[in-house]
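Here is data_25.txt, consisting of compact mmCIF, C-alpha atoms:
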```txt
# COMPACT_ATOMS: atom_id res chain seq x y z
CA MET A 1 0.00 0.00 0.00
CA GLU A 2 1.17 3.50 -0.78
CA GLU A 3 1.98 6.11 1.83
CA ILE A 4 -1.10 7.76 3.28
CA ASN A 5 -1.17 11.56 3.01
CA LYS A 6 -1.71 13.69 6.13
CA LYS A 7 -5.13 15.00 5.11
CA ASP A 8 -6.48 11.51 4.43
CA LEU A 9 -4.86 10.19 7.59
CA LYS A 10 -6.61 12.82 9.68
CA LYS A 11 -10.02 11.96 8.16
CA LEU A 12 -9.50 8.20 8.46
CA LEU A 13 -8.33 8.50 12.07
CA LYS A 14 -11.42 10.53 12.90
CA TRP A 15 -13.56 7.81 11.30
CA GLN A 16 -11.66 5.10 13.16
CA GLN A 17 -12.30 6.95 16.44
CA PHE A 18 -15.99 7.33 15.63
CA ILE A 19 -16.34 3.61 14.94
CA LEU A 20 -14.61 2.72 18.20
CA ASP A 21 -16.77 5.17 20.14
CA MET A 22 -19.98 3.90 18.51
CA ALA A 23 -19.02 0.28 19.26
CA PHE A 24 -18.42 1.22 22.90
CA ALA A 25 -21.75 3.09 22.99
CA MET A 26 -23.62 0.04 21.69
CA GLN A 27 -22.04 -2.14 24.37
CA ASP A 28 -22.82 0.45 27.02
CA LEU A 29 -26.42 0.71 25.88
CA THR A 30 -27.01 -3.01 26.38
CA LYS A 31 -26.18 -2.67 30.09
CA ASP A 32 -29.35 -0.60 30.61
CA MET A 33 -31.65 -2.90 28.63
CA ASP A 34 -32.72 -5.47 31.19
CA GLY A 35 -35.19 -7.88 29.65
CA GLN A 36 -35.07 -6.37 26.17
CA ARG A 37 -33.30 -9.21 24.44
CA LEU A 38 -34.88 -8.11 21.19
CA TYR A 39 -32.36 -5.24 21.14
CA ILE A 40 -29.45 -6.59 23.19
CA GLU A 41 -28.32 -9.38 20.87
CA PRO A 42 -28.22 -7.26 17.67
CA LEU A 43 -26.42 -4.42 19.46
CA LYS A 44 -23.78 -6.77 20.86
CA LYS A 45 -23.28 -8.29 17.40
CA HIS A 46 -22.95 -4.84 15.81
CA SER A 47 -20.54 -3.71 18.49
CA THR A 48 -18.28 -6.69 17.82
CA GLU A 49 -18.42 -6.05 14.08
CA MET A 50 -17.59 -2.37 14.56
CA TYR A 51 -14.55 -3.23 16.68
CA ALA A 52 -13.41 -5.48 13.80
CA ASN A 53 -13.95 -2.56 11.39
CA ALA A 54 -11.80 -0.36 13.59
CA LYS A 55 -9.04 -3.00 13.39
CA ILE A 56 -9.20 -2.85 9.58
CA LEU A 57 -8.88 0.93 9.72
CA GLN A 58 -6.02 0.55 12.18
CA LYS A 59 -4.12 -1.43 9.53
CA VAL A 60 -4.75 1.35 7.00
CA THR A 61 -3.84 4.24 9.33
CA GLY A 62 -1.10 2.43 11.19
CA GLN A 63 -2.32 3.88 14.49
CA GLU A 64 -4.10 2.20 17.37
CA LEU A 65 -6.78 4.27 19.07
CA GLU A 66 -8.78 3.72 22.26
CA ALA A 67 -12.56 3.99 22.50
CA THR A 68 -13.97 6.93 24.45
CA ASP A 69 -17.38 7.32 26.01
CA LYS A 70 -18.36 10.37 23.89
CA GLU A 71 -20.99 8.54 21.81
CA ALA A 72 -22.21 6.63 24.88
CA LYS A 73 -22.85 9.92 26.70
CA ASP A 74 -24.68 11.29 23.66
CA GLY A 75 -26.77 8.12 23.53
CA ARG A 76 -27.69 8.34 27.20
CA SER A 77 -28.78 11.97 26.79
CA THR A 78 -30.88 11.07 23.76
CA LEU A 79 -32.57 8.32 25.77
CA LYS A 80 -33.13 10.67 28.69
CA PHE A 81 -34.97 13.26 26.61
CA PHE A 82 -36.40 11.16 23.81
CA SER A 83 -36.95 7.45 23.21
CA LEU A 84 -35.18 4.29 22.17
CA ARG A 85 -36.73 4.67 18.74
CA ARG A 86 -35.19 8.13 18.37
CA LEU A 87 -31.82 6.86 19.56
CA PHE A 88 -31.85 4.09 16.95
CA SER A 89 -32.90 6.60 14.29
CA VAL A 90 -29.99 8.89 15.11
CA MET A 91 -27.50 5.99 15.29
CA SER A 92 -28.65 4.54 11.99
CA GLY A 93 -28.49 7.85 10.17
CA THR A 94 -25.10 8.75 11.59
CA ILE A 95 -23.49 5.41 10.75
CA LYS A 96 -24.94 5.36 7.23
CA GLU A 97 -23.89 8.94 6.50
CA ASP A 98 -20.40 8.32 7.86
CA ALA A 99 -19.94 5.30 5.61
CA ARG A 100 -21.24 7.21 2.58
CA TYR A 101 -18.93 10.14 3.32
CA HIS A 102 -15.84 7.90 3.38
CA GLU A 103 -16.57 6.18 0.05
CA VAL A 104 -14.38 8.81 -1.66
CA TYR A 105 -11.35 7.17 -0.04
CA LEU A 106 -12.01 3.80 -1.71
CA LYS A 107 -9.99 4.71 -4.79
CA ASN A 108 -6.80 5.31 -2.80
CA TYR A 109 -7.45 2.83 0.03
CA PRO A 110 -9.36 -0.21 -1.27
CA ALA A 111 -8.78 -2.00 2.05
CA ILE A 112 -11.60 0.09 3.59
CA LYS A 113 -14.31 -1.40 1.32
CA PRO A 114 -15.29 -4.09 3.88
CA VAL A 115 -15.63 -1.37 6.52
CA ILE A 116 -17.94 0.72 4.34
CA ASP A 117 -20.06 -2.31 3.41
CA SER A 118 -20.25 -3.39 7.05
CA GLU A 119 -21.22 0.07 8.27
CA LYS A 120 -24.03 0.24 5.71
CA ARG A 121 -25.33 -3.17 6.85
CA ILE A 122 -25.17 -2.11 10.48
CA ALA A 123 -27.03 1.12 9.69
CA GLU A 124 -29.81 -0.85 7.99
CA SER A 125 -30.03 -3.26 10.90
CA VAL A 126 -30.23 -0.43 13.44
CA LYS A 127 -32.96 1.12 11.27
CA ARG A 128 -34.90 -2.15 11.66
CA LEU A 129 -34.38 -1.91 15.44
CA GLU A 130 -35.92 1.55 15.23
CA GLU A 131 -38.99 0.08 13.52
CA ARG A 132 -39.24 -2.63 16.20
CA ALA A 133 -39.07 -0.01 18.95
CA LYS A 134 -41.77 2.01 17.20
CA LYS A 135 -44.06 -1.04 16.96
CA GLN A 136 -43.35 -2.05 20.56
CA LYS A 137 -44.21 1.42 21.81
CA ALA A 138 -47.49 1.39 19.84
CA ILE A 139 -48.40 -1.99 21.33
CA GLN A 140 -47.59 -0.81 24.85
CA LYS A 141 -49.68 2.31 24.31
CA LYS A 142 -52.58 0.20 23.05
CA ILE A 143 -52.61 -2.04 26.11
CA GLY A 144 -52.08 0.87 28.47
CA LEU A 145 -48.56 0.22 29.72
CA ARG A 146 -47.36 3.72 28.85
```
As structure tokens, please, write out the structure in this file.
Amino acid sequence: MEEINKKDLKKLLKWQQFILDMAFAMQDLTKDMDGQRLYIEPLKKHSTEMYANAKILQKVTGQELEATDKEAKDGRSTLKFFSLRRLFSVMSGTIKEDARYHEVYLKNYPAIKPVIDSEKRIAESVKRLEERAKKQKAIQKKIGLR
């Protein structure tokens, strides 16, 4: 692989950090979901896949980064003021947009193609979780639980 230029490196490192933070946020979110297995298993699976994506980016950037709790804090605030459905909507949109934004780097760094494909799949899956949450809330409303 050719030498990565500083501008691309900066963008790819930012993406790598975002993926690590989002993976950590998904893991963190499952801790507060007692009895909601419908959401826990997919989130754990996506978190694992995102950590693998970060490893791929690590090979491209040559730098190892650590996950922070930035996205987890944002997720907790979204849940505090909104709903699980809204959180999934935001997560899905952010992941999908981030993957789309980084497609321009495919020409120079073809090794990131699996990461982009994976992020798009994860975004679609989280979108389906949003739909599940929406249906679950409607059912709970109907039977008077909320």
Counting all atoms listed in the file, which residues sit no farther than 7 Å from the position (-17.1, 8.9, 20.8) in the file's frame? I'd like them as an MDAnalysis selection string. chainID A and resid 17:18 21:22 67:72
Check the smallest atom-to-atom distance from each of A:Val104, A:Ile95, A:Val90, A:Ala123 to Ile19 in chain A using all atoms listed in the file, then report the winner.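 Answer, going by the shortest atom-to-atom distance: A:Ile95.
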Can you pull out every residue within 12 Å of Leu13 in chain A, counting all atoms listed in the file, but drop anything in the same chain fewer than 6 positions away, and send it as a list of chain:residue names?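 Neighbouring residues, sequence-local ones excluded: A:Ile4, A:Asn5, A:Lys6, A:Lys7, A:Ile19, A:Leu20, A:Ala54, A:Lys55, A:Ile56, A:Leu57, A:Gln58, A:Lys59, A:Val60, A:Thr61, A:Gly62, A:Gln63, A:Glu64, A:Leu65, A:Glu66, A:His102.
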Please produce an output containing C-alpha atoms for each residue in the selection, written as an mmCIF file, in the frame of the given file.
```cif
data_model
loop_
_atom_site.group_PDB
_atom_site.id
_atom_site.type_symbol
_atom_site.label_atom_id
_atom_site.label_comp_id
_atom_site.auth_asym_id
_atom_site.auth_seq_id
_atom_site.Cartn_x
_atom_site.Cartn_y
_atom_site.Cartn_z
ATOM 1 C CA ILE A 4 -1.100 7.760 3.280
ATOM 2 C CA ASN A 5 -1.170 11.560 3.010
ATOM 3 C CA LYS A 6 -1.710 13.690 6.130
ATOM 4 C CA LYS A 7 -5.130 15.000 5.110
ATOM 5 C CA ILE A 19 -16.340 3.610 14.940
ATOM 6 C CA LEU A 20 -14.610 2.720 18.200
ATOM 7 C CA ALA A 54 -11.800 -0.360 13.590
ATOM 8 C CA LYS A 55 -9.040 -3.000 13.390
ATOM 9 C CA ILE A 56 -9.200 -2.850 9.580
ATOM 10 C CA LEU A 57 -8.880 0.930 9.720
ATOM 11 C CA GLN A 58 -6.020 0.550 12.180
ATOM 12 C CA LYS A 59 -4.120 -1.430 9.530
ATOM 13 C CA VAL A 60 -4.750 1.350 7.000
ATOM 14 C CA THR A 61 -3.840 4.240 9.330
ATOM 15 C CA GLY A 62 -1.100 2.430 11.190
ATOM 16 C CA GLN A 63 -2.320 3.880 14.490
ATOM 17 C CA GLU A 64 -4.100 2.200 17.370
ATOM 18 C CA LEU A 65 -6.780 4.270 19.070
ATOM 19 C CA GLU A 66 -8.780 3.720 22.260
ATOM 20 C CA HIS A 102 -15.840 7.900 3.380
#
```
Best match for closeness to Leu87 in chain A among A:Lys134, A:Lys44, A:Arg100, A:Lys107, counting only C-alpha atoms: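 Looking at the shortest contact to Leu87 in chain A, the residue is A:Lys134.
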Please determine, counting only C-alpha atoms, which residue among A:Arg86, A:Pro42, A:Leu79, A:Glu103 has the shortest atom-to-atom distance to Lys11 in chain A. A:Glu103
I need the residue nearest Glu49 in chain A from this list: A:Lys127, A:Lys10, A:Arg121, A:Lys142. Use all atoms listed in the file for the distance. A:Arg121
List every protein, DNA or RNA residue that has an atom no more than 12 Å from (-23.3, -6.9, 14.4) in the file's coordinate frame, counting all atoms listed in the file, and report them as JSON, numbers by chain. {"A": [23, 26, 27, 39, 40, 41, 42, 43, 44, 45, 46, 47, 48, 49, 50, 51, 52, 53, 118, 119, 120, 121, 122, 123, 124, 125, 126]}
Report as a list in words all protein, DNA and RNA residues lying within 10 Å of Tyr101 in chain A, evaluated on all atoms listed in the file, omitting residues in the same chain fewer than 5 positions from it.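 My reading of the contact set: Trp15, Ile95, Lys96 and Ile116 of chain A.
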For Asp98 in chain A, which of A:Lys31, A:Phe82, A:Asp117, A:Arg76 is the closest residue, counting all atoms listed in the file? A:Asp117
Quick one: distance from CA of Glu97 in chain A to CA of Gln36 in chain A in Å, one decimal? 27.3 Å
Restricting the calculation to only C-alpha atoms: of A:Tyr109, A:Leu129, A:Glu3, A:Leu29, which residue gets closest to Thr78 in chain A? A:Leu29
Taking all heavy atoms as the atom set, what does range 65-76 of chain A look like once completed, written as a PDB file, in the coordinates of the input?
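As written to disk, part-v2.pdb reads:
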```pdb
ATOM      1  N   LEU A  65      -6.052   3.301  18.260  1.00  0.00           N
ATOM      2  CA  LEU A  65      -6.780   4.270  19.070  1.00  0.00           C
ATOM      3  C   LEU A  65      -7.577   3.551  20.141  1.00  0.00           C
ATOM      4  O   LEU A  65      -7.850   2.361  20.015  1.00  0.00           O
ATOM      5  CB  LEU A  65      -7.732   5.093  18.186  1.00  0.00           C
ATOM      6  CG  LEU A  65      -7.103   5.861  17.026  1.00  0.00           C
ATOM      7  CD1 LEU A  65      -8.186   6.532  16.184  1.00  0.00           C
ATOM      8  CD2 LEU A  65      -6.126   6.904  17.531  1.00  0.00           C
ATOM      9  N   GLU A  66      -7.961   4.275  21.175  1.00  0.00           N
ATOM     10  CA  GLU A  66      -8.780   3.720  22.260  1.00  0.00           C
ATOM     11  C   GLU A  66     -10.173   4.320  22.170  1.00  0.00           C
ATOM     12  O   GLU A  66     -10.326   5.502  21.866  1.00  0.00           O
ATOM     13  CB  GLU A  66      -8.169   4.068  23.618  1.00  0.00           C
ATOM     14  CG  GLU A  66      -6.828   3.401  23.883  1.00  0.00           C
ATOM     15  CD  GLU A  66      -6.936   1.906  24.047  1.00  0.00           C
ATOM     16  OE1 GLU A  66      -7.921   1.440  24.659  1.00  0.00           O
ATOM     17  OE2 GLU A  66      -6.041   1.197  23.569  1.00  0.00           O
ATOM     18  N   ALA A  67     -11.178   3.513  22.486  1.00  0.00           N
ATOM     19  CA  ALA A  67     -12.560   3.990  22.500  1.00  0.00           C
ATOM     20  C   ALA A  67     -12.762   4.971  23.652  1.00  0.00           C
ATOM     21  O   ALA A  67     -12.176   4.817  24.718  1.00  0.00           O
ATOM     22  CB  ALA A  67     -13.518   2.821  22.633  1.00  0.00           C
ATOM     23  N   THR A  68     -13.580   5.989  23.400  1.00  0.00           N
ATOM     24  CA  THR A  68     -13.970   6.930  24.450  1.00  0.00           C
ATOM     25  C   THR A  68     -15.470   6.780  24.687  1.00  0.00           C
ATOM     26  O   THR A  68     -16.162   6.103  23.925  1.00  0.00           O
ATOM     27  CB  THR A  68     -13.661   8.390  24.039  1.00  0.00           C
ATOM     28  OG1 THR A  68     -14.492   8.746  22.933  1.00  0.00           O
ATOM     29  CG2 THR A  68     -12.191   8.565  23.657  1.00  0.00           C
ATOM     30  N   ASP A  69     -15.952   7.439  25.707  1.00  0.00           N
ATOM     31  CA  ASP A  69     -17.380   7.320  26.010  1.00  0.00           C
ATOM     32  C   ASP A  69     -18.203   8.478  25.430  1.00  0.00           C
ATOM     33  O   ASP A  69     -19.349   8.681  25.812  1.00  0.00           O
ATOM     34  CB  ASP A  69     -17.606   7.193  27.509  1.00  0.00           C
ATOM     35  CG  ASP A  69     -17.194   8.435  28.272  1.00  0.00           C
ATOM     36  OD1 ASP A  69     -16.544   9.319  27.681  1.00  0.00           O
ATOM     37  OD2 ASP A  69     -17.535   8.525  29.463  1.00  0.00           O
ATOM     38  N   LYS A  70     -17.662   9.218  24.473  1.00  0.00           N
ATOM     39  CA  LYS A  70     -18.360  10.370  23.890  1.00  0.00           C
ATOM     40  C   LYS A  70     -19.711   9.967  23.312  1.00  0.00           C
ATOM     41  O   LYS A  70     -20.738  10.557  23.631  1.00  0.00           O
ATOM     42  CB  LYS A  70     -17.499  11.027  22.818  1.00  0.00           C
ATOM     43  CG  LYS A  70     -18.166  12.219  22.167  1.00  0.00           C
ATOM     44  CD  LYS A  70     -17.455  12.629  20.891  1.00  0.00           C
ATOM     45  CE  LYS A  70     -18.154  13.734  20.136  1.00  0.00           C
ATOM     46  NZ  LYS A  70     -19.555  13.541  19.873  1.00  0.00           N
ATOM     47  N   GLU A  71     -19.730   8.969  22.445  1.00  0.00           N
ATOM     48  CA  GLU A  71     -20.990   8.540  21.810  1.00  0.00           C
ATOM     49  C   GLU A  71     -21.930   7.912  22.838  1.00  0.00           C
ATOM     50  O   GLU A  71     -23.150   8.057  22.732  1.00  0.00           O
ATOM     51  CB  GLU A  71     -20.722   7.557  20.672  1.00  0.00           C
ATOM     52  CG  GLU A  71     -19.948   8.147  19.496  1.00  0.00           C
ATOM     53  CD  GLU A  71     -20.676   9.259  18.762  1.00  0.00           C
ATOM     54  OE1 GLU A  71     -21.924   9.249  18.721  1.00  0.00           O
ATOM     55  OE2 GLU A  71     -19.993  10.155  18.232  1.00  0.00           O
ATOM     56  N   ALA A  72     -21.381   7.234  23.832  1.00  0.00           N
ATOM     57  CA  ALA A  72     -22.210   6.630  24.880  1.00  0.00           C
ATOM     58  C   ALA A  72     -22.931   7.723  25.670  1.00  0.00           C
ATOM     59  O   ALA A  72     -24.120   7.595  25.981  1.00  0.00           O
ATOM     60  CB  ALA A  72     -21.372   5.758  25.801  1.00  0.00           C
ATOM     61  N   LYS A  73     -22.226   8.805  25.986  1.00  0.00           N
ATOM     62  CA  LYS A  73     -22.850   9.920  26.700  1.00  0.00           C
ATOM     63  C   LYS A  73     -23.946  10.554  25.860  1.00  0.00           C
ATOM     64  O   LYS A  73     -25.022  10.876  26.363  1.00  0.00           O
ATOM     65  CB  LYS A  73     -21.796  10.986  27.063  1.00  0.00           C
ATOM     66  CG  LYS A  73     -20.903  10.594  28.209  1.00  0.00           C
ATOM     67  CD  LYS A  73     -19.894  11.684  28.490  1.00  0.00           C
ATOM     68  CE  LYS A  73     -18.964  11.300  29.620  1.00  0.00           C
ATOM     69  NZ  LYS A  73     -17.918  12.309  29.836  1.00  0.00           N
ATOM     70  N   ASP A  74     -23.666  10.731  24.567  1.00  0.00           N
ATOM     71  CA  ASP A  74     -24.680  11.290  23.660  1.00  0.00           C
ATOM     72  C   ASP A  74     -25.905  10.380  23.603  1.00  0.00           C
ATOM     73  O   ASP A  74     -27.034  10.861  23.593  1.00  0.00           O
ATOM     74  CB  ASP A  74     -24.109  11.484  22.258  1.00  0.00           C
ATOM     75  CG  ASP A  74     -23.056  12.583  22.183  1.00  0.00           C
ATOM     76  OD1 ASP A  74     -22.924  13.356  23.149  1.00  0.00           O
ATOM     77  OD2 ASP A  74     -22.365  12.661  21.142  1.00  0.00           O
ATOM     78  N   GLY A  75     -25.675   9.078  23.568  1.00  0.00           N
ATOM     79  CA  GLY A  75     -26.770   8.120  23.530  1.00  0.00           C
ATOM     80  C   GLY A  75     -27.620   8.162  24.789  1.00  0.00           C
ATOM     81  O   GLY A  75     -28.853   8.130  24.727  1.00  0.00           O
ATOM     82  N   ARG A  76     -26.954   8.257  25.930  1.00  0.00           N
ATOM     83  CA  ARG A  76     -27.690   8.340  27.200  1.00  0.00           C
ATOM     84  C   ARG A  76     -28.529   9.613  27.260  1.00  0.00           C
ATOM     85  O   ARG A  76     -29.664   9.609  27.736  1.00  0.00           O
ATOM     86  CB  ARG A  76     -26.736   8.237  28.382  1.00  0.00           C
ATOM     87  CG  ARG A  76     -26.277   6.812  28.655  1.00  0.00           C
ATOM     88  CD  ARG A  76     -25.576   6.685  29.997  1.00  0.00           C
ATOM     89  NE  ARG A  76     -24.276   7.349  30.045  1.00  0.00           N
ATOM     90  CZ  ARG A  76     -23.133   6.805  29.658  1.00  0.00           C
ATOM     91  NH1 ARG A  76     -23.114   5.570  29.197  1.00  0.00           N
ATOM     92  NH2 ARG A  76     -22.000   7.473  29.734  1.00  0.00           N
TER      93      ARG A  76
END
```
